[in-house]
file run.txt (compact mmCIF, C-alpha atoms)
# COMPACT_ATOMS: atom_id res chain seq x y z
CA MET A 1 -1.57 -0.54 -24.54
CA SER A 2 -5.21 0.35 -23.86
CA GLU A 3 -6.34 3.70 -22.52
CA VAL A 4 -7.00 2.25 -19.06
CA GLU A 5 -3.55 0.64 -18.96
CA ASN A 6 -1.92 3.91 -20.02
CA THR A 7 -3.79 5.78 -17.33
CA PHE A 8 -2.72 3.27 -14.69
CA GLN A 9 0.97 3.36 -15.71
CA GLU A 10 0.96 7.15 -15.75
CA PHE A 11 -0.65 7.14 -12.30
CA ILE A 12 1.90 4.83 -10.65
CA ASP A 13 4.82 6.59 -12.37
CA ALA A 14 3.59 10.01 -11.26
CA LEU A 15 2.95 8.82 -7.69
CA HIS A 16 6.55 7.76 -7.58
CA THR A 17 7.75 11.34 -7.94
CA ALA A 18 5.00 12.97 -5.84
CA ASP A 19 6.47 14.28 -2.62
CA ASP A 20 3.79 16.33 -0.91
CA MET A 21 0.04 16.40 -0.33
CA ASP A 22 -0.62 18.73 -3.25
CA ALA A 23 1.30 16.49 -5.64
CA PHE A 24 -0.61 13.40 -4.43
CA GLU A 25 -3.83 15.29 -4.92
CA ARG A 26 -2.95 16.34 -8.47
CA VAL A 27 -1.88 12.83 -9.47
CA ALA A 28 -5.02 11.16 -8.15
CA ASN A 29 -7.23 13.86 -9.58
CA ARG A 30 -5.78 13.35 -13.06
CA PHE A 31 -6.34 9.61 -12.69
CA ALA A 32 -9.97 10.17 -11.66
CA GLU A 33 -10.62 12.57 -14.51
CA LYS A 34 -9.12 10.25 -17.12
CA LEU A 35 -11.51 7.55 -15.97
CA GLY A 36 -14.44 9.95 -16.21
CA PHE A 37 -14.84 11.01 -12.58
CA GLU A 38 -14.78 14.63 -11.44
CA ARG A 39 -13.33 14.12 -7.99
CA PHE A 40 -11.41 11.78 -5.75
CA ALA A 41 -10.93 11.40 -2.02
CA TYR A 42 -8.56 9.32 0.07
CA LEU A 43 -9.52 9.05 3.72
CA ARG A 44 -7.41 7.19 6.23
CA LEU A 45 -8.70 6.30 9.65
CA ALA A 46 -6.00 5.27 12.08
CA GLY A 47 -7.13 5.31 15.67
CA GLU A 48 -9.58 8.20 15.95
CA THR A 49 -7.79 10.77 13.84
CA PRO A 50 -8.65 10.84 10.13
CA THR A 51 -6.28 11.93 7.36
CA LEU A 52 -7.74 13.22 4.12
CA ILE A 53 -6.28 13.90 0.70
CA SER A 54 -8.95 14.91 -1.77
CA SER A 55 -10.07 17.17 -4.55
CA TYR A 56 -13.42 17.73 -2.84
CA PRO A 57 -14.25 21.39 -2.22
CA ARG A 58 -12.55 22.59 0.97
CA SER A 59 -15.80 24.10 2.17
CA TRP A 60 -17.33 20.61 2.08
CA THR A 61 -14.44 18.78 3.74
CA SER A 62 -14.13 21.27 6.58
CA ARG A 63 -17.88 21.03 7.18
CA TYR A 64 -17.60 17.23 6.96
CA PHE A 65 -14.96 16.97 9.67
CA SER A 66 -16.29 19.67 11.95
CA LEU A 67 -19.63 17.81 12.00
CA ARG A 68 -17.76 14.51 12.37
CA TYR A 69 -19.52 13.15 9.32
CA GLN A 70 -16.88 10.44 8.95
CA GLU A 71 -18.70 8.60 11.77
CA LEU A 72 -22.05 8.87 10.02
CA ASP A 73 -21.08 8.61 6.35
CA PRO A 74 -22.56 5.36 4.94
CA VAL A 75 -19.64 5.16 2.47
CA VAL A 76 -17.11 5.19 5.31
CA ILE A 77 -19.17 2.71 7.31
CA ARG A 78 -19.29 0.36 4.32
CA ALA A 79 -15.57 0.81 3.69
CA ARG A 80 -14.89 -0.23 7.28
CA ALA A 81 -17.00 -3.37 6.90
CA GLU A 82 -16.39 -4.55 3.34
CA HIS A 83 -13.32 -5.78 1.52
CA GLY A 84 -14.02 -5.32 -2.16
CA LEU A 85 -14.65 -2.32 -4.36
CA PHE A 86 -18.23 -1.04 -4.21
CA SER A 87 -20.35 1.66 -5.81
CA TRP A 88 -22.67 4.03 -3.97
CA THR A 89 -25.20 6.65 -4.74
CA GLY A 90 -26.73 9.35 -2.61
CA SER A 91 -29.76 9.92 -4.78
CA SER A 92 -33.32 9.80 -3.47
CA SER A 93 -33.66 6.31 -4.95
CA ALA A 94 -31.82 5.14 -1.84
CA PRO A 95 -34.30 5.74 0.98
CA SER A 96 -32.31 3.62 3.43
CA GLY A 97 -30.24 5.15 6.20
CA SER A 98 -31.05 7.58 8.94
CA ARG A 99 -32.36 11.11 8.42
CA GLU A 100 -28.89 12.48 9.20
CA GLN A 101 -27.34 10.19 6.60
CA ARG A 102 -29.81 11.30 3.96
CA ARG A 103 -29.04 14.91 4.82
CA LEU A 104 -25.31 14.20 4.52
CA PHE A 105 -25.87 12.86 0.99
CA GLU A 106 -28.07 15.83 0.10
CA GLU A 107 -25.38 18.23 1.26
CA ALA A 108 -22.66 16.28 -0.61
CA GLY A 109 -24.85 16.53 -3.70
CA THR A 110 -24.80 20.30 -3.53
CA PHE A 111 -21.00 20.08 -3.74
CA GLY A 112 -21.24 17.87 -6.84
CA ILE A 113 -20.66 14.57 -5.04
CA ARG A 114 -23.61 12.32 -5.92
CA SER A 115 -22.25 8.87 -6.62
CA GLY A 116 -18.96 7.05 -6.82
CA ILE A 117 -16.89 3.94 -6.42
CA THR A 118 -14.89 3.26 -3.30
CA VAL A 119 -11.96 0.95 -2.67
CA PRO A 120 -11.81 -0.12 0.98
CA ILE A 121 -8.27 -0.73 2.21
CA ARG A 122 -7.47 -2.72 5.29
CA GLY A 123 -4.02 -1.59 6.41
CA GLY A 124 -1.90 -3.39 8.93
CA PHE A 125 -2.49 -2.80 12.64
CA GLY A 126 -6.20 -1.94 12.48
CA GLN A 127 -5.86 0.88 9.99
CA THR A 128 -8.66 1.49 7.50
CA ALA A 129 -8.58 3.66 4.42
CA ALA A 130 -10.98 4.40 1.59
CA PHE A 131 -10.03 5.55 -1.90
CA THR A 132 -13.01 7.05 -3.69
CA LEU A 133 -13.67 8.27 -7.21
CA ALA A 134 -16.77 10.44 -7.23
CA THR A 135 -19.01 12.00 -9.80
CA ASN A 136 -21.93 14.37 -10.11
CA ASP A 137 -23.92 11.66 -11.93
CA ARG A 138 -26.82 10.27 -9.97
CA GLU A 139 -26.19 6.63 -10.69
CA ILE A 140 -23.16 4.41 -10.99
CA GLN A 141 -23.11 0.67 -10.96
CA VAL A 142 -19.95 -1.17 -10.20
CA GLU A 143 -21.26 -4.29 -11.93
CA LYS A 144 -21.26 -2.37 -15.19
CA LEU A 145 -17.56 -1.54 -14.97
CA ALA A 146 -15.25 -3.80 -16.95
CA ALA A 147 -13.32 -6.30 -14.85
CA LYS A 148 -10.04 -4.75 -15.93
CA LEU A 149 -11.15 -1.28 -14.85
CA ARG A 150 -12.23 -2.65 -11.48
CA ASP A 151 -8.79 -4.23 -10.98
CA VAL A 152 -7.07 -1.01 -12.03
CA VAL A 153 -9.08 1.14 -9.63
CA GLN A 154 -8.54 -1.30 -6.78
CA LEU A 155 -4.79 -1.49 -7.41
CA ALA A 156 -4.66 2.30 -7.81
CA GLY A 157 -6.27 2.66 -4.37
CA LEU A 158 -3.69 0.34 -2.83
CA TYR A 159 -0.79 2.10 -4.56
CA PHE A 160 -2.10 5.47 -3.42
CA HIS A 161 -2.40 4.17 0.13
CA ALA A 162 1.15 2.77 0.04
CA HIS A 163 2.61 6.01 -1.32
CA ALA A 164 0.56 8.20 0.98
CA SER A 165 1.74 6.28 4.07
CA VAL A 166 5.36 6.82 3.07
CA GLY A 167 4.92 10.28 1.58
CA LEU A 168 2.92 11.75 4.41
CA ARG A 169 5.53 10.71 6.91
CA ARG A 170 8.16 12.38 4.73
CA ALA A 171 6.02 15.48 4.21
CA ALA A 172 5.18 15.81 7.89
CA THR A 173 8.35 17.75 8.64
CA PRO A 174 7.95 21.34 9.80
CA GLN A 175 9.80 22.87 6.87
CA ALA A 176 7.73 20.99 4.31
CA LEU A 177 4.56 22.34 5.85
CA ALA A 178 5.99 25.65 6.99
CA VAL A 179 3.89 25.29 10.12
CA ASP A 180 5.19 24.07 13.43
CA LEU A 181 2.43 23.38 15.94
CA THR A 182 3.52 22.84 19.51
CA GLN A 183 2.65 19.57 21.19
CA ARG A 184 -0.02 21.34 23.31
CA GLU A 185 -1.58 22.96 20.23
CA ARG A 186 -1.74 19.59 18.45
CA GLN A 187 -3.14 17.94 21.55
CA CYS A 188 -5.92 20.52 21.97
CA LEU A 189 -6.79 20.41 18.26
CA ALA A 190 -6.88 16.61 18.28
CA TRP A 191 -9.39 16.68 21.13
CA ILE A 192 -11.50 19.30 19.33
CA ALA A 193 -11.45 17.01 16.29
CA GLN A 194 -12.86 14.30 18.51
CA GLY A 195 -15.76 16.42 19.64
CA LYS A 196 -14.50 17.59 23.03
CA THR A 197 -15.38 21.01 24.42
CA THR A 198 -12.89 23.47 25.86
CA ALA A 199 -13.99 22.44 29.35
CA ASP A 200 -13.51 18.72 28.49
CA ILE A 201 -10.03 19.38 27.16
CA ALA A 202 -9.06 21.40 30.20
CA LEU A 203 -9.86 18.32 32.30
CA LEU A 204 -8.21 15.86 29.93
CA VAL A 205 -4.99 17.80 29.47
CA GLU A 206 -4.99 19.17 33.01
CA ILE A 207 -4.67 22.85 32.11
CA ALA A 208 -6.95 25.83 32.63
CA PRO A 209 -9.80 26.33 30.12
CA ARG A 210 -8.43 29.72 29.09
CA THR A 211 -5.06 28.08 28.40
CA VAL A 212 -6.88 25.65 26.07
CA VAL A 213 -8.38 28.63 24.27
CA PHE A 214 -4.94 30.23 24.09
CA HIS A 215 -3.43 27.13 22.41
CA LEU A 216 -6.35 26.76 20.02
CA GLU A 217 -6.13 30.41 19.01
CA ASN A 218 -2.41 30.08 18.39
CA ALA A 219 -2.98 27.02 16.21
CA ARG A 220 -5.75 28.81 14.30
CA ARG A 221 -3.48 31.77 13.64
CA LYS A 222 -0.57 29.57 12.54
CA LEU A 223 -2.75 27.70 10.05
CA GLY A 224 -4.37 30.87 8.78
CA ALA A 225 -7.85 29.57 9.54
CA ALA A 226 -10.94 31.70 10.04
CA SER A 227 -12.44 29.45 12.68
CA ILE A 228 -11.43 26.62 14.98
CA ALA A 229 -13.45 24.24 12.77
CA GLN A 230 -11.51 25.28 9.69
CA CYS A 231 -8.32 25.05 11.71
CA VAL A 232 -9.12 21.41 12.59
CA ALA A 233 -9.89 20.58 8.96
CA GLU A 234 -6.69 22.24 7.81
CA ALA A 235 -4.61 20.44 10.44
CA LEU A 236 -6.16 17.13 9.36
CA ARG A 237 -5.58 17.87 5.72
CA ARG A 238 -1.92 18.54 6.41
CA GLY A 239 -1.63 15.40 8.49
CA LEU A 240 -0.63 17.34 11.60
CA LEU A 241 -2.89 15.52 14.01
CA ARG A 242 -1.22 12.16 14.46
CA MET B 1 7.25 -23.46 -15.88
CA ARG B 2 9.07 -20.16 -16.38
CA ALA B 3 9.91 -17.08 -14.35
CA VAL B 4 8.81 -13.78 -15.84
CA VAL B 5 10.77 -10.64 -14.87
CA LEU B 6 8.55 -7.62 -14.44
CA HIS B 7 10.16 -4.19 -14.11
CA ALA B 8 8.16 -1.14 -12.98
CA PRO B 9 7.76 0.43 -16.47
CA GLN B 10 6.22 -2.83 -17.71
CA PHE B 11 3.52 -3.11 -15.04
CA SER B 12 0.49 -1.82 -16.91
CA ARG B 13 1.29 -3.78 -20.07
CA ASN B 14 1.27 -6.89 -17.87
CA LEU B 15 -1.65 -5.97 -15.70
CA GLU B 16 -3.11 -9.47 -15.60
CA LEU B 17 0.13 -11.01 -14.44
CA LEU B 18 0.64 -8.22 -11.91
CA SER B 19 -2.92 -8.64 -10.58
CA ALA B 20 -2.48 -12.41 -10.41
CA MET B 21 0.65 -11.91 -8.32
CA TYR B 22 -1.04 -9.50 -5.88
CA ARG B 23 -3.95 -11.96 -5.58
CA MET B 24 -1.60 -14.83 -4.81
CA ARG B 25 0.18 -12.70 -2.22
CA ARG B 26 -3.11 -11.97 -0.48
CA ARG B 27 -3.93 -15.69 -0.37
CA VAL B 28 -0.50 -16.54 1.02
CA PHE B 29 0.40 -13.65 3.32
CA LYS B 30 -3.02 -12.58 4.59
CA ASP B 31 -5.31 -15.60 4.32
CA ARG B 32 -2.78 -18.33 5.09
CA LEU B 33 -0.06 -16.69 7.19
CA ASP B 34 -2.25 -13.87 8.60
CA TRP B 35 0.48 -11.24 8.46
CA SER B 36 -0.39 -7.65 9.31
CA VAL B 37 -0.37 -6.49 5.67
CA SER B 38 -2.47 -3.98 3.69
CA VAL B 39 -5.19 -5.61 1.62
CA SER B 40 -8.04 -4.49 -0.55
CA GLY B 41 -10.41 -6.99 -2.04
CA GLU B 42 -8.35 -9.82 -3.44
CA PHE B 43 -5.03 -7.92 -3.44
CA GLU B 44 -2.11 -7.45 -1.05
CA LEU B 45 0.29 -4.57 -1.61
CA ASP B 46 2.61 -2.65 0.74
CA VAL B 47 4.83 0.42 0.82
CA TYR B 48 7.77 -1.40 -0.74
CA ASP B 49 5.64 -2.12 -3.80
CA ALA B 50 5.40 1.63 -4.21
CA LEU B 51 9.16 1.95 -4.69
CA GLY B 52 9.28 0.57 -8.22
CA PRO B 53 10.56 -2.93 -7.48
CA THR B 54 11.26 -5.77 -9.89
CA TYR B 55 9.07 -8.86 -9.58
CA LEU B 56 9.86 -12.38 -10.63
CA VAL B 57 6.60 -14.21 -11.26
CA LEU B 58 6.61 -17.95 -11.68
CA VAL B 59 4.13 -18.97 -14.37
CA SER B 60 2.93 -22.54 -14.89
CA ASP B 61 2.67 -24.17 -18.33
CA THR B 62 -1.07 -23.46 -18.19
CA GLY B 63 -0.38 -19.76 -17.63
CA GLN B 64 -1.20 -19.54 -13.92
CA ALA B 65 0.90 -17.47 -11.52
CA ILE B 66 2.20 -19.99 -9.00
CA GLY B 67 5.01 -18.14 -7.27
CA ALA B 68 6.58 -14.72 -6.92
CA VAL B 69 9.31 -12.73 -5.25
CA ARG B 70 10.03 -8.99 -5.03
CA LEU B 71 13.49 -7.50 -5.54
CA LEU B 72 14.62 -4.03 -4.48
CA PRO B 73 18.08 -2.51 -4.69
CA ALA B 74 19.69 -2.04 -1.26
CA THR B 75 20.43 1.57 -2.19
CA GLY B 76 16.97 2.77 -1.12
CA PRO B 77 14.66 1.77 1.74
CA THR B 78 14.77 -1.93 2.59
CA MET B 79 12.63 -4.10 4.81
CA LEU B 80 15.67 -5.09 6.83
CA ALA B 81 16.81 -1.51 7.50
CA ASP B 82 13.43 0.18 7.77
CA THR B 83 10.93 -2.44 8.94
CA PHE B 84 12.92 -5.13 10.79
CA PRO B 85 16.10 -3.40 12.07
CA ALA B 86 15.89 -5.58 15.20
CA LEU B 87 17.06 -8.50 13.03
CA LEU B 88 20.36 -6.74 12.40
CA GLY B 89 21.46 -7.46 15.96
CA GLY B 90 23.31 -4.14 16.12
CA GLU B 91 25.03 -4.54 12.74
CA THR B 92 24.65 -1.77 10.16
CA ALA B 93 22.10 -2.50 7.44
CA PRO B 94 23.61 -3.80 4.17
CA ARG B 95 23.75 -1.01 1.60
CA GLY B 96 25.04 -0.74 -1.94
CA ASP B 97 24.22 -1.24 -5.58
CA ASN B 98 25.85 -4.66 -5.52
CA ILE B 99 23.12 -5.92 -3.16
CA LEU B 100 19.46 -6.69 -3.85
CA GLU B 101 16.89 -7.30 -1.16
CA SER B 102 14.33 -10.02 -1.77
CA SER B 103 10.97 -10.10 -0.01
CA ARG B 104 7.42 -11.53 -0.30
CA PHE B 105 8.80 -14.84 -1.56
CA CYS B 106 5.93 -17.23 -2.07
CA VAL B 107 5.05 -20.39 -3.94
CA ASP B 108 1.47 -21.59 -4.19
CA THR B 109 2.32 -25.18 -3.28
CA GLY B 110 -1.32 -26.18 -3.77
CA ARG B 111 -0.94 -25.39 -7.47
CA ALA B 112 2.70 -26.39 -7.76
CA ALA B 113 3.13 -29.57 -5.76
CA GLU B 114 5.75 -31.30 -7.91
CA GLN B 115 8.79 -32.40 -5.93
CA GLY B 116 12.35 -32.78 -7.09
CA SER B 117 15.12 -34.77 -5.50
CA LYS B 118 15.40 -34.58 -1.68
CA GLY B 119 11.66 -33.85 -1.57
CA LEU B 120 12.23 -30.15 -2.28
CA ASN B 121 9.44 -28.36 -4.12
CA ARG B 122 10.46 -27.94 -7.76
CA ALA B 123 8.74 -24.56 -8.23
CA THR B 124 10.60 -23.23 -5.18
CA MET B 125 13.91 -24.34 -6.74
CA ILE B 126 13.06 -22.67 -10.05
CA LEU B 127 12.19 -19.43 -8.26
CA PHE B 128 15.51 -19.62 -6.37
CA ALA B 129 17.31 -20.04 -9.72
CA ALA B 130 15.39 -17.06 -11.12
CA MET B 131 16.50 -14.93 -8.14
CA ILE B 132 20.15 -15.75 -8.77
CA GLU B 133 19.82 -15.11 -12.51
CA ALA B 134 18.07 -11.77 -11.93
CA ALA B 135 20.64 -10.68 -9.35
CA ARG B 136 23.51 -11.57 -11.68
CA LEU B 137 21.86 -9.64 -14.53
CA ALA B 138 21.52 -6.62 -12.21
CA GLY B 139 25.22 -6.89 -11.32
CA ALA B 140 24.49 -7.84 -7.71
CA ASP B 141 26.85 -10.22 -5.97
CA SER B 142 24.53 -11.00 -3.09
CA ILE B 143 20.89 -10.98 -2.05
CA VAL B 144 19.92 -9.87 1.43
CA THR B 145 16.65 -11.12 2.83
CA VAL B 146 14.44 -11.37 5.89
CA THR B 147 13.03 -14.85 6.13
CA ASP B 148 12.06 -17.44 8.73
CA ILE B 149 13.92 -20.44 10.06
CA ARG B 150 11.65 -22.83 8.13
CA MET B 151 12.74 -21.24 4.84
CA GLU B 152 16.32 -21.12 6.10
CA ARG B 153 16.16 -24.91 6.44
CA ILE B 154 14.88 -25.29 2.87
CA LEU B 155 17.70 -23.06 1.61
CA ARG B 156 20.27 -25.15 3.44
CA ARG B 157 18.88 -28.41 2.03
CA ALA B 158 18.91 -26.88 -1.47
CA GLY B 159 22.62 -26.17 -1.04
CA TRP B 160 22.10 -22.39 -1.07
CA PRO B 161 22.64 -21.58 2.59
CA LEU B 162 21.73 -18.28 4.19
CA ARG B 163 24.66 -16.49 5.82
CA ARG B 164 23.05 -15.09 8.95
CA ILE B 165 23.60 -11.46 9.94
CA ALA B 166 22.38 -12.03 13.50
CA ALA B 167 20.55 -14.63 15.56
CA PRO B 168 16.88 -15.35 14.74
CA GLN B 169 14.23 -13.41 16.66
CA GLN B 170 10.59 -14.01 17.37
CA ILE B 171 8.47 -11.59 15.29
CA GLY B 172 4.77 -12.24 15.69
CA SER B 173 4.27 -15.95 15.25
CA THR B 174 7.43 -16.58 13.22
CA MET B 175 11.10 -17.02 14.06
CA ALA B 176 12.54 -14.43 11.69
CA VAL B 177 16.13 -14.26 10.54
CA ALA B 178 18.09 -11.95 8.22
CA GLY B 179 21.01 -12.96 6.08
CA PHE B 180 22.86 -13.01 2.77
CA LEU B 181 22.51 -15.37 -0.17
CA GLU B 182 25.34 -15.84 -2.67
CA THR B 183 24.70 -15.20 -6.34
CA SER B 184 27.82 -16.98 -7.60
CA GLU B 185 27.78 -19.18 -10.70
CA GLN B 186 28.42 -22.11 -8.41
CA SER B 187 25.23 -21.36 -6.44
CA LEU B 188 23.30 -21.06 -9.68
CA LEU B 189 24.53 -24.42 -10.99
CA GLN B 190 23.76 -26.00 -7.63
CA ILE B 191 20.14 -24.78 -7.80
CA TYR B 192 19.78 -25.80 -11.47
CA GLY B 193 20.81 -29.27 -10.31
CA GLU B 194 18.19 -29.32 -7.54
CA ALA B 195 15.51 -28.07 -9.95
CA GLY B 196 16.49 -30.71 -12.50
CA ILE B 197 17.07 -28.18 -15.26
CA ALA B 198 20.06 -27.31 -17.42
CA GLY B 199 19.86 -23.59 -17.97
CA PRO B 200 18.18 -20.22 -17.57
CA VAL B 201 14.59 -19.91 -16.33
CA LEU B 202 14.17 -16.14 -16.57
CA VAL B 203 12.05 -14.62 -19.37
CA SER B 204 11.53 -10.91 -19.99
CA ALA B 205 7.92 -9.75 -19.58
CA ASP B 206 7.97 -8.30 -23.10
CA ILE B 207 8.99 -11.61 -24.63
CA ALA B 208 6.50 -13.51 -22.49
CA GLU B 209 3.81 -11.16 -23.78
CA ILE B 210 4.65 -11.88 -27.42
CA ALA B 211 4.79 -15.61 -26.81
CA ALA B 212 1.42 -15.67 -25.02

call {"tool": "encode", "arguments": {"input": "run.txt", "output": "structure tokens"}}
result
Amino acid sequence: MSEVENTFQEFIDALHTADDMDAFERVANRFAEKLGFERFAYLRLAGETPTLISSYPRSWTSRYFSLRYQELDPVVIRARAEHGLFSWTGSSSAPSGSREQRRLFEEAGTFGIRSGITVPIRGGFGQTAAFTLATNDREIQVEKLAAKLRDVVQLAGLYFHAHASVGLRRAATPQALAVDLTQRERQCLAWIAQGKTTADIALLVEIAPRTVVFHLENARRKLGAASIAQCVAEALRRGLLR
Amino acid sequence: MRAVVLHAPQFSRNLELLSAMYRMRRRVFKDRLDWSVSVSGEFELDVYDALGPTYLVLVSDTGQAIGAVRLLPATGPTMLADTFPALLGGETAPRGDNILESSRFCVDTGRAAEQGSKGLNRATMILFAAMIEAARLAGADSIVTVTDIRMERILRRAGWPLRRIAAPQQIGSTMAVAGFLETSEQSLLQIYGEAGIAGPVLVSADIAEIAA
């Protein structure tokens, strides 16, 4: 068996026994590293609420979601539109994109995310997901990857997606997460994640603005977050906002 | 034509065959039937593929994958119990290590057009025979499956009738029905007869690899 085949078998075997977010993260990270990538990220977009499992720095992912970068990120936009595996680079050799998009890539670069390959996944019922292997290298060209490696990465993305859809449902029980948000807390956080202000939420949920603040504060405390933004990122990471 | 058995620990050693099967499934289930399934690039793969199933892949004499079916023990999650419980019509879902569930049955009839007696597709008959052989090897005395009434008709004509669990129901654009298939020796001989063959069609992936 070749190295790539070994890595793939180990990946699907290990996924089989992974039963929480941290285990999924470890398994995918090992897979990425064995193929020569420093980081991986799996982002699922179902409706308007994203779910993320990744080995990206937390400081980057919480910034990413609080600034709603998933709506701006050229990689996510491509993953929504394309079907096959693609490579991307955020280096200055790519002058295309808006100023905000270039800034997003610059910021990602400071976290060691400069290029990568992404597997777009079209789930049933309008769900989209993207499985990304990322590196600090400035250039990566998918055409240069061996056909077998491309197949392995693409299948790995699909396997990860399949396991994550089952596993996250299983993990999303209060005792597994040791956090039990109330329906109101989840509701307020979900609106925050979608860019609404306290005043907006008060209207949407038909409660007083200070009650919105009360629920948000409770959620922040329960998740041990320093700010509401971090609280949103943490809730997303744990798959609480669905 | 032969049917290669692929168990989960053999997947990476048979990556090309595995990839060919997922490609064929995308062509059949997404492109042709337009089911609401997860796809990426040329592949189709769902949550039940993540449970370590066994695949039977039909391989032509020229080495092309021309048919496939997925088998899972009815001891864990099954499509009937967990995805299509409406097809149980109130009955409890079949459970037990003497039952296998088959799903994602497909034959690429464009690449395998040969017909046997009664105008039944020969590759389909060989894949049926492979299912019975695999079930018998696994010690299963029946196969439970979710299928449609078109396939139910083919099964009846092949002399391997589906024993319905409940009445068919409209699911999306298909009339879906759940039922049991016998894995008796008599069923096997019946299908061998329809396929025009005398004996076993199943080959282990490890042996197929050596022979290739």

call {"tool": "residues_around", "arguments": {"input": "run.txt", "residues": "stretch 165-176 of chain B", "least_positions_apart": "6", "cutoff": "12 Å", "atoms": "only C-alpha atoms", "output": "list of chain:residue names"}}
result
B:Leu33, B:Asp34, B:Trp35, B:Ser36, B:Leu80, B:Thr83, B:Phe84, B:Pro85, B:Ala86, B:Leu87, B:Leu88, B:Gly89, B:Gly90, B:Glu91, B:Thr92, B:Ala93, B:Pro94, B:Val144, B:Thr145, B:Val146, B:Thr147, B:Asp148, B:Ile149, B:Arg150, B:Met151, B:Glu152

call {"tool": "residues_around", "arguments": {"input": "run.txt", "residues": "B:Leu17", "least_positions_apart": "5", "cutoff": "9 Å", "atoms": "all atoms listed in the file", "output": "list in words"}}
result
Phe11, Tyr22, Val57, Val59, Gln64 and Ala65 of chain B

call {"tool": "closest_atom_pairs", "arguments": {"input": "run.txt", "of": "chain B", "to": "chain A", "cutoff": "10 Å", "atoms": "all atoms listed in the file", "output": "CSV"}}
result
residue,atom,partner,partner_atom,distance
B:Ala8,CA,A:Asp13,CA,8.4
B:Pro9,CA,A:Gln9,CA,7.4
B:Gln10,CA,A:Gln9,CA,8.4
B:Phe11,CA,A:Gln9,CA,7.0
B:Ser12,CA,A:Glu5,CA,5.2
B:Arg13,CA,A:Met1,CA,6.2
B:Asn14,CA,A:Glu5,CA,9.0
B:Leu15,CA,A:Glu5,CA,7.6
B:Glu16,CA,A:Lys148,CA,8.4
B:Leu18,CA,A:Leu155,CA,9.7
B:Ser19,CA,A:Asp151,CA,7.4
B:Tyr22,CA,A:Leu155,CA,9.0
B:Trp35,CA,A:Gly124,CA,8.2
B:Ser36,CA,A:Gly124,CA,4.5
B:Val37,CA,A:Gly124,CA,4.8
B:Ser38,CA,A:Gly123,CA,3.9
B:Val39,CA,A:Arg122,CA,5.2
B:Ser40,CA,A:Ile121,CA,4.7
B:Gly41,CA,A:Gly84,CA,4.0
B:Glu42,CA,A:Gly84,CA,7.4
B:Phe43,CA,A:Leu155,CA,7.6
B:Glu44,CA,A:Leu158,CA,8.1
B:Leu45,CA,A:Leu158,CA,6.4
B:Asp46,CA,A:Ala162,CA,5.7
B:Val47,CA,A:Ala162,CA,4.4
B:Tyr48,CA,A:Ala162,CA,7.9
B:Asp49,CA,A:Ala162,CA,7.7
B:Ala50,CA,A:His163,CA,5.9
B:Leu51,CA,A:His16,CA,7.0
B:Gly52,CA,A:His16,CA,7.7

call {"tool": "residues_around", "arguments": {"input": "run.txt", "residues": "A:Thr132", "least_positions_apart": "5", "cutoff": "8 Å", "atoms": "all atoms listed in the file", "output": "list in words"}}
result
Phe40, Ala41, Tyr42, Gly116, Ile117, Thr118 and Val119 of chain A

call {"tool": "closest_residue", "arguments": {"input": "run.txt", "among": "B:Ile191, B:Val107, B:Met1, B:Leu72", "to": "B:Arg157", "atoms": "only C-alpha atoms"}}
result
B:Ile191

call {"tool": "closest_residue", "arguments": {"input": "run.txt", "among": "B:Gly193, B:Gly76, B:Gly96, B:Gly159", "to": "B:Ser142", "atoms": "all atoms listed in the file"}}
result
B:Gly96

call {"tool": "atom_distance", "arguments": {"input": "run.txt", "atom1": "atom CA of A:Thr51", "atom2": "atom CA of A:Ile113"}}
result
19.2 Å

call {"tool": "atom_distance", "arguments": {"input": "run.txt", "atom1": "atom CA of A:Ala14", "atom2": "atom CA of B:Ile99"}}
result
26.5 Å

call {"tool": "closest_residue", "arguments": {"input": "run.txt", "among": "B:Ala74, B:Ala81, B:Ala3, B:Met21", "to": "B:Ser60", "atoms": "all atoms listed in the file"}}
result
B:Ala3

call {"tool": "atom_distance", "arguments": {"input": "run.txt", "atom1": "atom CA of A:His215", "atom2": "atom CA of A:Pro57"}}
result
27.5 Å

call {"tool": "residues_near_point", "arguments": {"input": "run.txt", "point": "(-10.3, 12.8, -13.6)", "cutoff": "12 Å", "atoms": "all atoms listed in the file", "output": "short mmCIF file (atom, residue, chain, number, x, y, z; two decimals) with C-alpha atoms, in the frame of the given file"}}
result
data_model
loop_
_atom_site.label_atom_id
_atom_site.label_comp_id
_atom_site.auth_asym_id
_atom_site.auth_seq_id
_atom_site.Cartn_x
_atom_site.Cartn_y
_atom_site.Cartn_z
CA THR A 7 -3.79 5.78 -17.33
CA PHE A 11 -0.65 7.14 -12.30
CA GLU A 25 -3.83 15.29 -4.92
CA ARG A 26 -2.95 16.34 -8.47
CA VAL A 27 -1.88 12.83 -9.47
CA ALA A 28 -5.02 11.16 -8.15
CA ASN A 29 -7.23 13.86 -9.58
CA ARG A 30 -5.78 13.35 -13.06
CA PHE A 31 -6.34 9.61 -12.69
CA ALA A 32 -9.97 10.17 -11.66
CA GLU A 33 -10.62 12.57 -14.51
CA LYS A 34 -9.12 10.25 -17.12
CA LEU A 35 -11.51 7.55 -15.97
CA GLY A 36 -14.44 9.95 -16.21
CA PHE A 37 -14.84 11.01 -12.58
CA GLU A 38 -14.78 14.63 -11.44
CA ARG A 39 -13.33 14.12 -7.99
CA PHE A 40 -11.41 11.78 -5.75
CA ALA A 41 -10.93 11.40 -2.02
CA SER A 55 -10.07 17.17 -4.55
CA THR A 132 -13.01 7.05 -3.69
CA LEU A 133 -13.67 8.27 -7.21
CA ALA A 134 -16.77 10.44 -7.23
CA THR A 135 -19.01 12.00 -9.80
#
